[in-house]
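Asker: File follows, entry-v2.cif with mmCIF, C-alpha atoms and all ligand atoms:
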```
data_target
loop_
_atom_site.label_atom_id
_atom_site.label_comp_id
_atom_site.auth_asym_id
_atom_site.auth_seq_id
_atom_site.Cartn_x
_atom_site.Cartn_y
_atom_site.Cartn_z
CA MET A 1 -6.01 -13.76 27.65
CA ILE A 2 -3.63 -14.69 30.45
CA GLU A 3 -5.10 -14.98 33.96
CA VAL A 4 -2.71 -15.15 36.91
CA ARG A 5 -4.34 -15.96 40.24
CA GLN A 6 -2.52 -15.93 43.58
CA LEU A 7 0.50 -17.31 41.77
CA THR A 8 3.36 -18.24 44.10
CA LYS A 9 6.71 -19.91 43.45
CA ARG A 10 9.23 -20.83 46.13
CA TYR A 11 12.73 -22.15 45.54
CA GLY A 12 13.69 -23.47 48.99
CA ASP A 13 13.49 -20.45 51.31
CA LYS A 14 13.43 -18.01 48.40
CA VAL A 15 10.01 -16.70 47.40
CA ALA A 16 10.49 -15.78 43.72
CA VAL A 17 6.80 -15.05 43.02
CA ASP A 18 4.54 -14.09 45.88
CA GLY A 19 0.74 -14.22 45.41
CA LEU A 20 0.63 -12.48 42.02
CA ASP A 21 -2.79 -11.60 40.65
CA PHE A 22 -3.28 -9.97 37.27
CA THR A 23 -4.97 -10.40 33.90
CA VAL A 24 -3.37 -9.69 30.54
CA LYS A 25 -6.14 -8.61 28.18
CA PRO A 26 -6.46 -8.95 24.43
CA GLY A 27 -6.12 -6.00 22.06
CA THR A 28 -3.34 -4.22 23.91
CA VAL A 29 0.36 -4.52 24.61
CA THR A 30 1.04 -5.09 28.31
CA GLY A 31 4.51 -4.27 29.58
CA PHE A 32 5.80 -6.58 32.32
CA LEU A 33 8.29 -4.61 34.39
CA GLY A 34 10.31 -4.97 37.55
CA PRO A 35 13.88 -4.70 38.80
CA ASN A 36 16.25 -7.65 38.33
CA GLY A 37 15.17 -10.59 40.44
CA ALA A 38 11.57 -9.36 40.71
CA GLY A 39 10.15 -12.65 39.44
CA LYS A 40 9.27 -11.77 35.83
CA SER A 41 11.02 -14.70 34.17
CA THR A 42 9.75 -17.14 36.78
CA THR A 43 6.19 -15.90 36.14
CA MET A 44 6.64 -16.22 32.39
CA ARG A 45 8.02 -19.74 32.77
CA MET A 46 4.97 -20.71 34.85
CA ILE A 47 2.64 -19.22 32.20
CA VAL A 48 3.97 -21.75 29.66
CA GLY A 49 4.30 -24.64 32.11
CA LEU A 50 8.11 -24.69 32.29
CA ASP A 51 7.91 -24.25 36.06
CA ALA A 52 5.15 -25.52 38.34
CA PRO A 53 3.57 -23.04 40.77
CA THR A 54 4.02 -23.77 44.48
CA SER A 55 0.45 -22.50 44.81
CA GLY A 56 -2.05 -20.50 42.82
CA SER A 57 -2.74 -20.89 39.11
CA VAL A 58 -2.24 -19.42 35.70
CA THR A 59 -4.31 -19.99 32.58
CA VAL A 60 -3.87 -19.11 28.92
CA ASN A 61 -7.15 -18.67 27.06
CA GLY A 62 -9.00 -20.25 29.97
CA LYS A 63 -6.89 -23.40 30.44
CA ALA A 64 -3.53 -24.32 31.93
CA TYR A 65 -0.86 -24.41 29.20
CA SER A 66 -0.44 -28.19 29.62
CA ALA A 67 -4.19 -28.75 29.11
CA HIS A 68 -4.08 -27.33 25.56
CA SER A 69 -3.75 -30.01 22.89
CA ALA A 70 -1.98 -27.63 20.46
CA PRO A 71 -0.38 -24.96 22.68
CA LEU A 72 1.62 -23.24 19.90
CA HIS A 73 -1.72 -22.11 18.44
CA GLU A 74 -2.68 -20.60 21.80
CA ILE A 75 0.48 -18.85 22.97
CA GLY A 76 3.80 -18.11 21.32
CA ALA A 77 6.63 -17.37 23.71
CA LEU A 78 10.16 -16.10 23.46
CA LEU A 79 11.89 -16.64 26.78
CA GLU A 80 15.51 -17.24 25.81
CA ALA A 81 16.76 -16.07 22.42
CA LYS A 82 19.40 -18.74 22.08
CA ALA A 83 17.29 -21.71 23.17
CA ILE A 84 18.04 -23.42 19.87
CA HIS A 85 20.11 -26.33 18.67
CA PRO A 86 23.26 -24.56 17.45
CA GLY A 87 23.86 -27.04 14.62
CA ARG A 88 20.42 -26.66 13.09
CA SER A 89 19.60 -24.08 10.46
CA ALA A 90 17.01 -21.44 11.26
CA ARG A 91 14.59 -23.07 8.81
CA ASN A 92 15.10 -26.55 10.28
CA HIS A 93 14.68 -25.26 13.82
CA LEU A 94 11.28 -23.87 12.85
CA ARG A 95 10.36 -26.96 10.80
CA VAL A 96 10.93 -29.20 13.83
CA LEU A 97 8.62 -26.99 15.88
CA ALA A 98 6.10 -26.88 13.03
CA CYS A 99 6.05 -30.71 12.79
CA THR A 100 4.88 -31.00 16.41
CA HIS A 101 1.68 -29.17 15.44
CA GLY A 102 1.17 -30.20 11.81
CA ILE A 103 2.00 -26.66 10.69
CA PRO A 104 2.85 -26.64 6.93
CA PRO A 105 6.41 -25.72 5.74
CA ARG A 106 5.01 -22.68 3.92
CA ARG A 107 4.18 -21.12 7.30
CA VAL A 108 7.86 -21.58 8.27
CA ASP A 109 8.90 -19.55 5.23
CA GLU A 110 6.21 -16.98 5.98
CA VAL A 111 7.50 -16.29 9.51
CA LEU A 112 11.14 -16.31 8.32
CA GLU A 113 10.21 -13.58 5.88
CA LEU A 114 8.21 -11.70 8.51
CA VAL A 115 11.24 -11.49 10.83
CA GLY A 116 13.68 -10.75 7.99
CA LEU A 117 15.72 -13.96 8.20
CA GLN A 118 14.89 -15.50 4.79
CA SER A 119 18.38 -14.78 3.39
CA VAL A 120 20.05 -16.70 6.25
CA ALA A 121 17.37 -19.37 6.68
CA GLY A 122 19.80 -22.15 5.66
CA LYS A 123 22.62 -21.02 7.97
CA ARG A 124 23.47 -22.66 11.30
CA ALA A 125 21.53 -20.88 14.03
CA GLY A 126 24.47 -21.39 16.42
CA ALA A 127 26.45 -18.79 14.47
CA PHE A 128 23.70 -16.17 14.73
CA SER A 129 24.24 -12.88 16.52
CA LEU A 130 22.04 -12.12 19.55
CA GLY A 131 19.84 -9.90 17.37
CA MET A 132 19.36 -12.66 14.77
CA GLY A 133 18.63 -15.12 17.59
CA GLN A 134 15.94 -12.75 18.88
CA ARG A 135 14.38 -12.61 15.42
CA LEU A 136 14.42 -16.41 15.18
CA GLY A 137 12.83 -16.64 18.64
CA ILE A 138 10.10 -14.23 17.55
CA ALA A 139 9.56 -16.31 14.39
CA ALA A 140 9.09 -19.40 16.59
CA ALA A 141 6.63 -17.52 18.81
CA LEU A 142 4.53 -16.50 15.79
CA LEU A 143 4.71 -19.88 14.01
CA GLY A 144 1.37 -21.18 15.29
CA ASN A 145 -0.41 -17.86 14.63
CA PRO A 146 -1.28 -17.73 18.34
CA GLU A 147 -3.79 -15.44 20.01
CA VAL A 148 -1.36 -14.73 22.84
CA VAL A 149 2.23 -13.63 22.33
CA MET A 150 4.66 -13.39 25.25
CA LEU A 151 8.21 -12.10 24.78
CA ASP A 152 10.90 -11.74 27.45
CA GLU A 153 13.25 -8.83 26.59
CA PRO A 154 12.72 -9.13 22.81
CA VAL A 155 14.72 -6.03 21.86
CA ASN A 156 17.93 -7.11 23.64
CA GLY A 157 20.73 -7.09 21.09
CA LEU A 158 18.70 -5.48 18.33
CA ASP A 159 19.89 -2.40 16.44
CA PRO A 160 17.65 0.71 16.27
CA GLU A 161 15.97 -0.55 13.10
CA GLY A 162 15.27 -3.87 14.85
CA VAL A 163 13.90 -2.12 17.94
CA LEU A 164 11.50 -0.11 15.76
CA TRP A 165 10.52 -3.29 13.94
CA VAL A 166 9.64 -5.07 17.22
CA ARG A 167 7.64 -2.03 18.36
CA ASN A 168 5.60 -2.00 15.15
CA LEU A 169 5.19 -5.78 15.22
CA LEU A 170 3.85 -5.79 18.80
CA THR A 171 1.47 -2.87 18.30
CA GLY A 172 0.30 -4.53 15.06
CA LEU A 173 -0.38 -7.85 16.85
CA ALA A 174 -2.35 -6.03 19.55
CA ALA A 175 -4.31 -4.11 16.90
CA GLU A 176 -5.34 -7.49 15.44
CA GLY A 177 -6.91 -8.24 18.84
CA ARG A 178 -4.17 -10.47 20.20
CA THR A 179 -2.92 -10.52 23.78
CA VAL A 180 0.67 -9.29 24.00
CA LEU A 181 2.82 -9.52 27.15
CA VAL A 182 6.35 -8.17 26.85
CA SER A 183 9.10 -7.54 29.36
CA SER A 184 11.87 -5.04 28.85
CA HIS A 185 14.26 -3.01 30.94
CA LEU A 186 14.25 -0.24 28.32
CA MET A 187 11.66 2.09 29.77
CA SER A 188 11.68 4.60 26.92
CA GLU A 189 10.88 1.73 24.56
CA MET A 190 8.11 0.42 26.83
CA ALA A 191 6.55 3.88 26.99
CA LEU A 192 6.27 3.82 23.19
CA THR A 193 5.07 0.22 22.85
CA ALA A 194 2.83 -0.66 25.80
CA GLN A 195 -0.57 0.68 26.83
CA ASN A 196 -0.89 -1.40 30.00
CA LEU A 197 1.65 -2.16 32.70
CA VAL A 198 2.10 -4.92 35.25
CA ILE A 199 4.94 -3.99 37.61
CA VAL A 200 6.42 -6.43 40.12
CA GLY A 201 9.03 -6.13 42.85
CA ARG A 202 10.37 -9.00 45.00
CA GLY A 203 7.72 -11.27 43.55
CA ARG A 204 4.80 -9.01 44.51
CA LEU A 205 2.46 -6.94 42.39
CA LEU A 206 3.34 -3.25 42.70
CA ALA A 207 1.07 -1.83 39.98
CA ASP A 208 -1.47 -3.04 37.45
CA THR A 209 -2.40 0.05 35.47
CA THR A 210 -2.07 1.89 32.16
CA VAL A 211 1.11 3.67 31.09
CA GLU A 212 -0.86 6.91 30.92
CA ALA A 213 -2.27 6.67 34.47
CA PHE A 214 1.05 5.47 35.88
CA ILE A 215 2.91 8.49 34.52
CA ARG A 216 0.10 10.91 35.37
CA ASP A 217 -0.07 9.75 39.00
CA ALA A 218 3.69 9.66 39.56
CA ASP A 219 5.33 12.12 41.97
CA GLY A 220 6.64 15.11 40.09
CA SER A 221 3.88 15.19 37.49
CA GLY A 222 1.17 17.86 37.48
CA VAL A 223 0.98 21.42 36.21
CA LYS A 224 3.15 24.40 37.15
CA VAL A 225 1.09 27.60 37.37
CA VAL A 226 2.37 31.10 38.01
CA THR A 227 -0.11 33.83 38.96
CA ASP A 228 -0.07 37.00 41.04
CA GLU A 229 -3.19 35.77 42.88
CA PRO A 230 -2.11 32.30 44.06
CA SER A 231 -4.46 32.05 47.03
CA ARG A 232 -7.50 32.96 44.91
CA LEU A 233 -6.51 30.40 42.31
CA ARG A 234 -6.04 27.79 45.04
CA ASP A 235 -9.62 28.40 46.24
CA LEU A 236 -11.02 28.20 42.71
CA LEU A 237 -9.23 24.95 41.85
CA ALA A 238 -9.81 23.17 45.17
CA GLY A 239 -11.91 20.03 44.82
CA PRO A 240 -11.87 16.26 45.25
CA GLY A 241 -8.64 14.71 44.02
CA VAL A 242 -6.96 18.05 43.34
CA GLU A 243 -3.70 18.65 45.19
CA ILE A 244 -2.07 22.07 45.22
CA THR A 245 1.34 22.86 46.66
CA GLY A 246 3.39 26.05 46.71
CA GLU A 247 5.46 28.03 49.13
CA VAL A 248 3.82 30.80 51.14
CA GLY A 249 4.41 34.12 49.42
CA SER A 250 5.42 32.49 46.13
CA GLU A 251 3.50 33.11 42.91
CA GLU A 252 4.24 29.57 41.76
CA LEU A 253 1.86 26.68 42.41
CA ARG A 254 2.11 23.02 41.50
CA VAL A 255 -1.27 21.45 40.79
CA SER A 256 -2.03 17.76 40.36
CA GLY A 257 -5.33 15.94 39.88
CA THR A 258 -6.54 18.25 37.10
CA ASP A 259 -5.12 19.38 33.77
CA ALA A 260 -3.72 22.55 32.25
CA ARG A 261 -6.80 23.23 30.10
CA ARG A 262 -9.11 23.16 33.09
CA ILE A 263 -6.79 25.39 35.12
CA GLY A 264 -6.50 27.88 32.23
CA ARG A 265 -10.26 27.95 31.69
CA THR A 266 -11.02 28.43 35.40
CA ALA A 267 -8.51 31.29 35.59
CA ALA A 268 -9.99 32.95 32.48
CA GLU A 269 -13.57 32.62 33.76
CA HIS A 270 -12.58 34.45 36.94
CA GLY A 271 -10.36 37.08 35.33
CA LEU A 272 -7.10 35.78 36.83
CA THR A 273 -3.88 36.44 34.97
CA LEU A 274 -1.59 33.44 34.45
CA PHE A 275 2.07 34.07 33.68
CA GLU A 276 2.89 30.41 33.20
CA LEU A 277 0.89 27.22 32.71
CA THR A 278 3.19 24.25 32.14
CA PRO A 279 2.29 20.54 32.28
CA LEU A 280 5.13 18.73 34.07
CA ALA A 281 5.69 15.29 32.64
CA VAL A 282 7.73 12.60 34.33
CA SER A 283 9.09 9.85 32.14
CA LEU A 284 8.06 6.22 32.57
CA GLU A 285 11.61 5.61 33.72
CA GLN A 286 11.36 8.23 36.50
CA ALA A 287 7.98 6.90 37.62
CA PHE A 288 9.31 3.32 37.59
CA MET A 289 12.45 4.23 39.58
CA GLU A 290 10.31 6.02 42.13
CA LEU A 291 7.99 3.02 42.57
CA THR A 292 10.69 0.36 42.69
CA ARG A 293 13.41 2.21 44.61
CA ASP A 294 13.18 -0.14 47.58
CA GLU A 295 12.37 -3.28 45.62
CA ALA A 296 15.53 -3.98 43.64
CA GLU A 297 17.43 -7.12 44.60
CA TYR A 298 20.73 -5.62 43.48
CA THR A 299 21.10 -1.85 43.69
CA THR A 300 24.07 0.42 43.32
CA HIS A 301 25.07 2.82 46.06
CA ALA A 302 26.93 6.09 45.58
CA LEU A 303 30.59 5.66 46.51
CA GLN A 304 31.85 7.65 49.45
CA PRO A 305 34.85 9.83 48.53
CA ALA A 306 38.11 8.24 49.78
CA GLY A 307 39.09 9.15 53.31
CA ARG A 308 35.59 10.02 54.45
CA ALA A 309 33.97 7.83 57.11
CA ALA A 310 30.92 6.00 55.81
P1 LIG B 401 13.49 -11.45 36.94
O1 LIG B 401 13.16 -12.18 35.69
O2 LIG B 401 12.46 -10.44 37.34
O3 LIG B 401 14.88 -10.83 36.91
P2 LIG B 401 13.55 -14.08 38.14
O4 LIG B 401 12.20 -14.63 37.92
O5 LIG B 401 14.65 -14.55 37.22
O6 LIG B 401 13.50 -12.49 38.16
O7 LIG B 401 14.04 -14.41 39.62
C1 LIG B 401 13.28 -14.13 40.78
C2 LIG B 401 14.04 -14.61 42.00
O8 LIG B 401 14.02 -16.03 42.06
C3 LIG B 401 15.51 -14.21 42.02
O9 LIG B 401 15.89 -13.95 43.35
C4 LIG B 401 16.20 -15.44 41.49
O10 LIG B 401 17.52 -15.52 41.99
C5 LIG B 401 15.32 -16.56 42.05
N1 LIG B 401 15.32 -17.76 41.16
C6 LIG B 401 14.88 -17.79 39.88
N2 LIG B 401 14.98 -19.04 39.39
C7 LIG B 401 15.51 -19.81 40.39
C8 LIG B 401 15.86 -21.21 40.51
N3 LIG B 401 15.68 -22.06 39.50
N4 LIG B 401 16.36 -21.61 41.70
C9 LIG B 401 16.54 -20.75 42.73
N5 LIG B 401 16.22 -19.45 42.68
C10 LIG B 401 15.72 -18.97 41.54
#
```
Rewrite the structure of this file - the entire thing - as structure tokens.
Ligand code: ADP
Answerer:
Amino acid sequence: MIEVRQLTKRYGDKVAVDGLDFTVKPGTVTGFLGPNGAGKSTTMRMIVGLDAPTSGSVTVNGKAYSAHSAPLHEIGALLEAKAIHPGRSARNHLRVLACTHGIPPRRVDEVLELVGLQSVAGKRAGAFSLGMGQRLGIAAALLGNPEVVMLDEPVNGLDPEGVLWVRNLLTGLAAEGRTVLVSSHLMSEMALTAQNLVIVGRGRLLADTTVEAFIRDADGSGVKVVTDEPSRLRDLLAGPGVEITGEVGSEELRVSGTDARRIGRTAAEHGLTLFELTPLAVSLEQAFMELTRDEAEYTTHALQPAGRAA
């Protein structure tokens, strides 16, 4: 479990992390999302004690990272794929880490096999591709068989087979009851891997929710219903939390706050004919863009055609 409480980090005038409060729970994969510059990496660095909070606190399994006597058994982290000595072999890189915790060499070979690097274990890690570096970083994170695993952009540089492998690895770790926190800018991948989401923008918490609820509650989701008795259907569906929109005189309604089954059943019970009943899904990417539109540190703007005044 990772518990972040009122966590704040300032660099001079710049507030990189601004009063963040969230808990990453065991047994699920939590996606850590936000536009560039939102404060994700700074937060992750503070979780493993590489940066000190200006105020607030963060604990891993109930204690600050630095208070654990054998932290690699508590949390395994991949923050920077190429944070390795380039002249060392993959196996030696892991052996050095293992020595700090009395982890036996056989565990080094186990994790090398797990990440698919056994055939290049004796090669200089400096010559590794980004994808191989990611795999080595994941091997290092898993070395101490930790309860908490935290990976910053682990699928960067991986081919489709590698991306699928990371997805299965993370869901497998969560299924074993571990706490998994993972950041990625690939929303389609996050939608497939994570159950929970922590979304930040300009250092602040924007959402702490599940992927399912986040997508369900996003603008543009709901159910499209077409009927020749729209006002009667409106009256029948009206209730707490249900929102119904539609133009006057149109047979088409857009309903949110309930689901297609319930709408279909209500219509059938009252003898209403439906000509269309379509759940409208927004993607995680659309929902994320909607939430963070004003939060990005660097955004692109549409170019004005030449000759036109801005
Ligand atoms: P993210 O990982 O979400 O892209 P970061 O945590 O890297 O965001 O950065 C958050 C903000 O803090 C950015 O504006 C970044 O420029 C700034 N920042 C990060 N690290 C430092 C540092 N060591 N010194 C000064 N500013 C920093």
Asker: Residues at most 6 Å from A:Val211, counting only C-alpha atoms, excluding those fewer than 3 positions away in the same chain, as a PyMOL selection string?
Answerer: chain A and resi 195-196+214
Asker: With C-alpha atoms retained, write the just-selected residues as a CSV table (one decimal), in the frame of the given file.
Answerer:
```
chain,number,residue,atom,x,y,z
A,195,GLN,CA,-0.6,0.7,26.8
A,196,ASN,CA,-0.9,-1.4,30.0
A,214,PHE,CA,1.0,5.5,35.9
```
Asker: Enumerate, in order of chain and increasing residue number, the residues of chain A with an atom no farther than 7 Å from ligand LIG 401 (chain B), each with its shortest atom pair and distance in Å to one decimal, counting all atoms listed in the file, as a tab-separated table.
Answerer:
```
residue	atom	partner	partner_atom	distance
A:Tyr11	CA	B:LIG401	C9	4.9
A:Lys14	CA	B:LIG401	N5	6.5
A:Val15	CA	B:LIG401	O8	6.7
A:Ala16	CA	B:LIG401	O8	3.9
A:Val17	CA	B:LIG401	C1	6.9
A:Gly34	CA	B:LIG401	O2	5.9
A:Pro35	CA	B:LIG401	O2	6.1
A:Asn36	CA	B:LIG401	O3	3.7
A:Gly37	CA	B:LIG401	O6	3.4
A:Ala38	CA	B:LIG401	O2	3.6
A:Gly39	CA	B:LIG401	O4	3.2
A:Lys40	CA	B:LIG401	O2	3.8
A:Ser41	CA	B:LIG401	O1	3.6
A:Thr42	CA	B:LIG401	O4	3.7
A:Thr43	CA	B:LIG401	O4	6.4
A:Gly203	CA	B:LIG401	C1	6.8
```
Asker: Contacts of stretch 178-182 of chain A at 9 Å or less, counting all atoms listed in the file, minus same-chain residues fewer than 4 places along, as a list in words?
Answerer: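 Counting all atoms listed in the file, the residues come to Met1, Ile2, Val24, Lys25, Pro26, Gly27, Thr28, Val29, Thr30, Gly31, Phe32, Leu33, Pro146, Glu147, Val148, Val149, Met150, Leu151, Asp152, Glu153, Pro154, Leu170, Thr171, Leu173, Ala174, Met190 and Ala194 of chain A.
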Asker: Keeping only C-alpha atoms, write those residues as a PDB file, in the frame of the given file.
Answerer:
```
ATOM      1  CA  MET A   1      -6.010 -13.760  27.650  1.00  0.00           C
ATOM      2  CA  ILE A   2      -3.630 -14.690  30.450  1.00  0.00           C
ATOM      3  CA  VAL A  24      -3.370  -9.690  30.540  1.00  0.00           C
ATOM      4  CA  LYS A  25      -6.140  -8.610  28.180  1.00  0.00           C
ATOM      5  CA  PRO A  26      -6.460  -8.950  24.430  1.00  0.00           C
ATOM      6  CA  GLY A  27      -6.120  -6.000  22.060  1.00  0.00           C
ATOM      7  CA  THR A  28      -3.340  -4.220  23.910  1.00  0.00           C
ATOM      8  CA  VAL A  29       0.360  -4.520  24.610  1.00  0.00           C
ATOM      9  CA  THR A  30       1.040  -5.090  28.310  1.00  0.00           C
ATOM     10  CA  GLY A  31       4.510  -4.270  29.580  1.00  0.00           C
ATOM     11  CA  PHE A  32       5.800  -6.580  32.320  1.00  0.00           C
ATOM     12  CA  LEU A  33       8.290  -4.610  34.390  1.00  0.00           C
ATOM     13  CA  PRO A 146      -1.280 -17.730  18.340  1.00  0.00           C
ATOM     14  CA  GLU A 147      -3.790 -15.440  20.010  1.00  0.00           C
ATOM     15  CA  VAL A 148      -1.360 -14.730  22.840  1.00  0.00           C
ATOM     16  CA  VAL A 149       2.230 -13.630  22.330  1.00  0.00           C
ATOM     17  CA  MET A 150       4.660 -13.390  25.250  1.00  0.00           C
ATOM     18  CA  LEU A 151       8.210 -12.100  24.780  1.00  0.00           C
ATOM     19  CA  ASP A 152      10.900 -11.740  27.450  1.00  0.00           C
ATOM     20  CA  GLU A 153      13.250  -8.830  26.590  1.00  0.00           C
ATOM     21  CA  PRO A 154      12.720  -9.130  22.810  1.00  0.00           C
ATOM     22  CA  LEU A 170       3.850  -5.790  18.800  1.00  0.00           C
ATOM     23  CA  THR A 171       1.470  -2.870  18.300  1.00  0.00           C
ATOM     24  CA  LEU A 173      -0.380  -7.850  16.850  1.00  0.00           C
ATOM     25  CA  ALA A 174      -2.350  -6.030  19.550  1.00  0.00           C
ATOM     26  CA  MET A 190       8.110   0.420  26.830  1.00  0.00           C
ATOM     27  CA  ALA A 194       2.830  -0.660  25.800  1.00  0.00           C
TER      28      ALA A 194
END
```
Asker: So that I can check the surroundings of A:Ile199, please list as a list in words every protein, DNA and RNA residue that reaches within 9 Å of it, counting all atoms listed in the file and ignoring chain neighbours fewer than 2 positions away.
Answerer: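 Result of the neighbour search: Gly31, Phe32, Leu33, Gly34, Leu197, Gly201, Arg204, Leu205, Leu206, Ala207, Asp208, Thr209, Phe288 and Thr292 of chain A.
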Asker: For stretch 71-73 of chain A, list every protein, DNA or RNA residue within 9 Å, evaluated using only C-alpha atoms, and leave out those in the same chain fewer than 3 positions away; present the list as a PDB file with C-alpha atoms, keeping the file's coordinate frame.
Answerer:
```pdb
ATOM      1  CA  VAL A  48       3.970 -21.750  29.660  1.00  0.00           C
ATOM      2  CA  TYR A  65      -0.860 -24.410  29.200  1.00  0.00           C
ATOM      3  CA  SER A  66      -0.440 -28.190  29.620  1.00  0.00           C
ATOM      4  CA  ALA A  67      -4.190 -28.750  29.110  1.00  0.00           C
ATOM      5  CA  HIS A  68      -4.080 -27.330  25.560  1.00  0.00           C
ATOM      6  CA  GLY A  76       3.800 -18.110  21.320  1.00  0.00           C
ATOM      7  CA  ALA A  77       6.630 -17.370  23.710  1.00  0.00           C
ATOM      8  CA  LEU A  97       8.620 -26.990  15.880  1.00  0.00           C
ATOM      9  CA  ALA A  98       6.100 -26.880  13.030  1.00  0.00           C
ATOM     10  CA  HIS A 101       1.680 -29.170  15.440  1.00  0.00           C
ATOM     11  CA  ALA A 141       6.630 -17.520  18.810  1.00  0.00           C
ATOM     12  CA  LEU A 142       4.530 -16.500  15.790  1.00  0.00           C
ATOM     13  CA  LEU A 143       4.710 -19.880  14.010  1.00  0.00           C
ATOM     14  CA  GLY A 144       1.370 -21.180  15.290  1.00  0.00           C
ATOM     15  CA  ASN A 145      -0.410 -17.860  14.630  1.00  0.00           C
ATOM     16  CA  PRO A 146      -1.280 -17.730  18.340  1.00  0.00           C
ATOM     17  CA  GLU A 147      -3.790 -15.440  20.010  1.00  0.00           C
ATOM     18  CA  VAL A 148      -1.360 -14.730  22.840  1.00  0.00           C
TER      19      VAL A 148
END
```
Asker: Would you please work out which residue, of A:Ile244, A:Pro105, A:Leu192, A:Ala287, is nearest to A:Asn92 when using only C-alpha atoms?
Answerer: A:Pro105
Asker: Write out as a list in words the residues lying within 8 Å of A:Gln6, counting all atoms listed in the file and excluding same-chain residues fewer than 5 positions away.
Answerer: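 Everything that qualifies: Asp18, Gly19, Leu20, Asp21, Ser55, Gly56 and Ser57 of chain A.
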Asker: Output C-alpha atoms for every residue in the selection just made, as a PDB file, in the coordinates of the input.
Answerer:
```pdb
ATOM      1  CA  ASP A  18       4.540 -14.090  45.880  1.00  0.00           C
ATOM      2  CA  GLY A  19       0.740 -14.220  45.410  1.00  0.00           C
ATOM      3  CA  LEU A  20       0.630 -12.480  42.020  1.00  0.00           C
ATOM      4  CA  ASP A  21      -2.790 -11.600  40.650  1.00  0.00           C
ATOM      5  CA  SER A  55       0.450 -22.500  44.810  1.00  0.00           C
ATOM      6  CA  GLY A  56      -2.050 -20.500  42.820  1.00  0.00           C
ATOM      7  CA  SER A  57      -2.740 -20.890  39.110  1.00  0.00           C
TER       8      SER A  57
END
```
Asker: Using atom CA of A:Arg254 and atom CA of A:Thr210 as the two end points, give the distance in Å to one decimal.
Answerer: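 About the pair atom CA of A:Arg254 and atom CA of A:Thr210: they are 23.5 Å apart.
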Asker: Counting all atoms listed in the file, select every polymer residue within 12 Å of (17.7, -13.8, 6.7) as defined in the file's coordinates, and provide the selection as JSON, numbers by chain.
Answerer: {"A": [89, 90, 91, 109, 110, 111, 112, 113, 114, 115, 116, 117, 118, 119, 120, 121, 122, 123, 124, 125, 128, 129, 131, 132, 133, 135, 136, 139]}
Asker: Can I get the selection written as a short mmCIF file (atom, residue, chain, number, x, y, z; two decimals), in the coordinates of the input, with C-alpha atoms?
Answerer:
```cif
data_model
loop_
_atom_site.label_atom_id
_atom_site.label_comp_id
_atom_site.auth_asym_id
_atom_site.auth_seq_id
_atom_site.Cartn_x
_atom_site.Cartn_y
_atom_site.Cartn_z
CA SER A 89 19.60 -24.08 10.46
CA ALA A 90 17.01 -21.44 11.26
CA ARG A 91 14.59 -23.07 8.81
CA ASP A 109 8.90 -19.55 5.23
CA GLU A 110 6.21 -16.98 5.98
CA VAL A 111 7.50 -16.29 9.51
CA LEU A 112 11.14 -16.31 8.32
CA GLU A 113 10.21 -13.58 5.88
CA LEU A 114 8.21 -11.70 8.51
CA VAL A 115 11.24 -11.49 10.83
CA GLY A 116 13.68 -10.75 7.99
CA LEU A 117 15.72 -13.96 8.20
CA GLN A 118 14.89 -15.50 4.79
CA SER A 119 18.38 -14.78 3.39
CA VAL A 120 20.05 -16.70 6.25
CA ALA A 121 17.37 -19.37 6.68
CA GLY A 122 19.80 -22.15 5.66
CA LYS A 123 22.62 -21.02 7.97
CA ARG A 124 23.47 -22.66 11.30
CA ALA A 125 21.53 -20.88 14.03
CA PHE A 128 23.70 -16.17 14.73
CA SER A 129 24.24 -12.88 16.52
CA GLY A 131 19.84 -9.90 17.37
CA MET A 132 19.36 -12.66 14.77
CA GLY A 133 18.63 -15.12 17.59
CA ARG A 135 14.38 -12.61 15.42
CA LEU A 136 14.42 -16.41 15.18
CA ALA A 139 9.56 -16.31 14.39
#
```
Asker: For atom CA of A:Ala175 and atom CA of A:Val200, quote the distance in Å rounded to one decimal.
Answerer: 25.7 Å
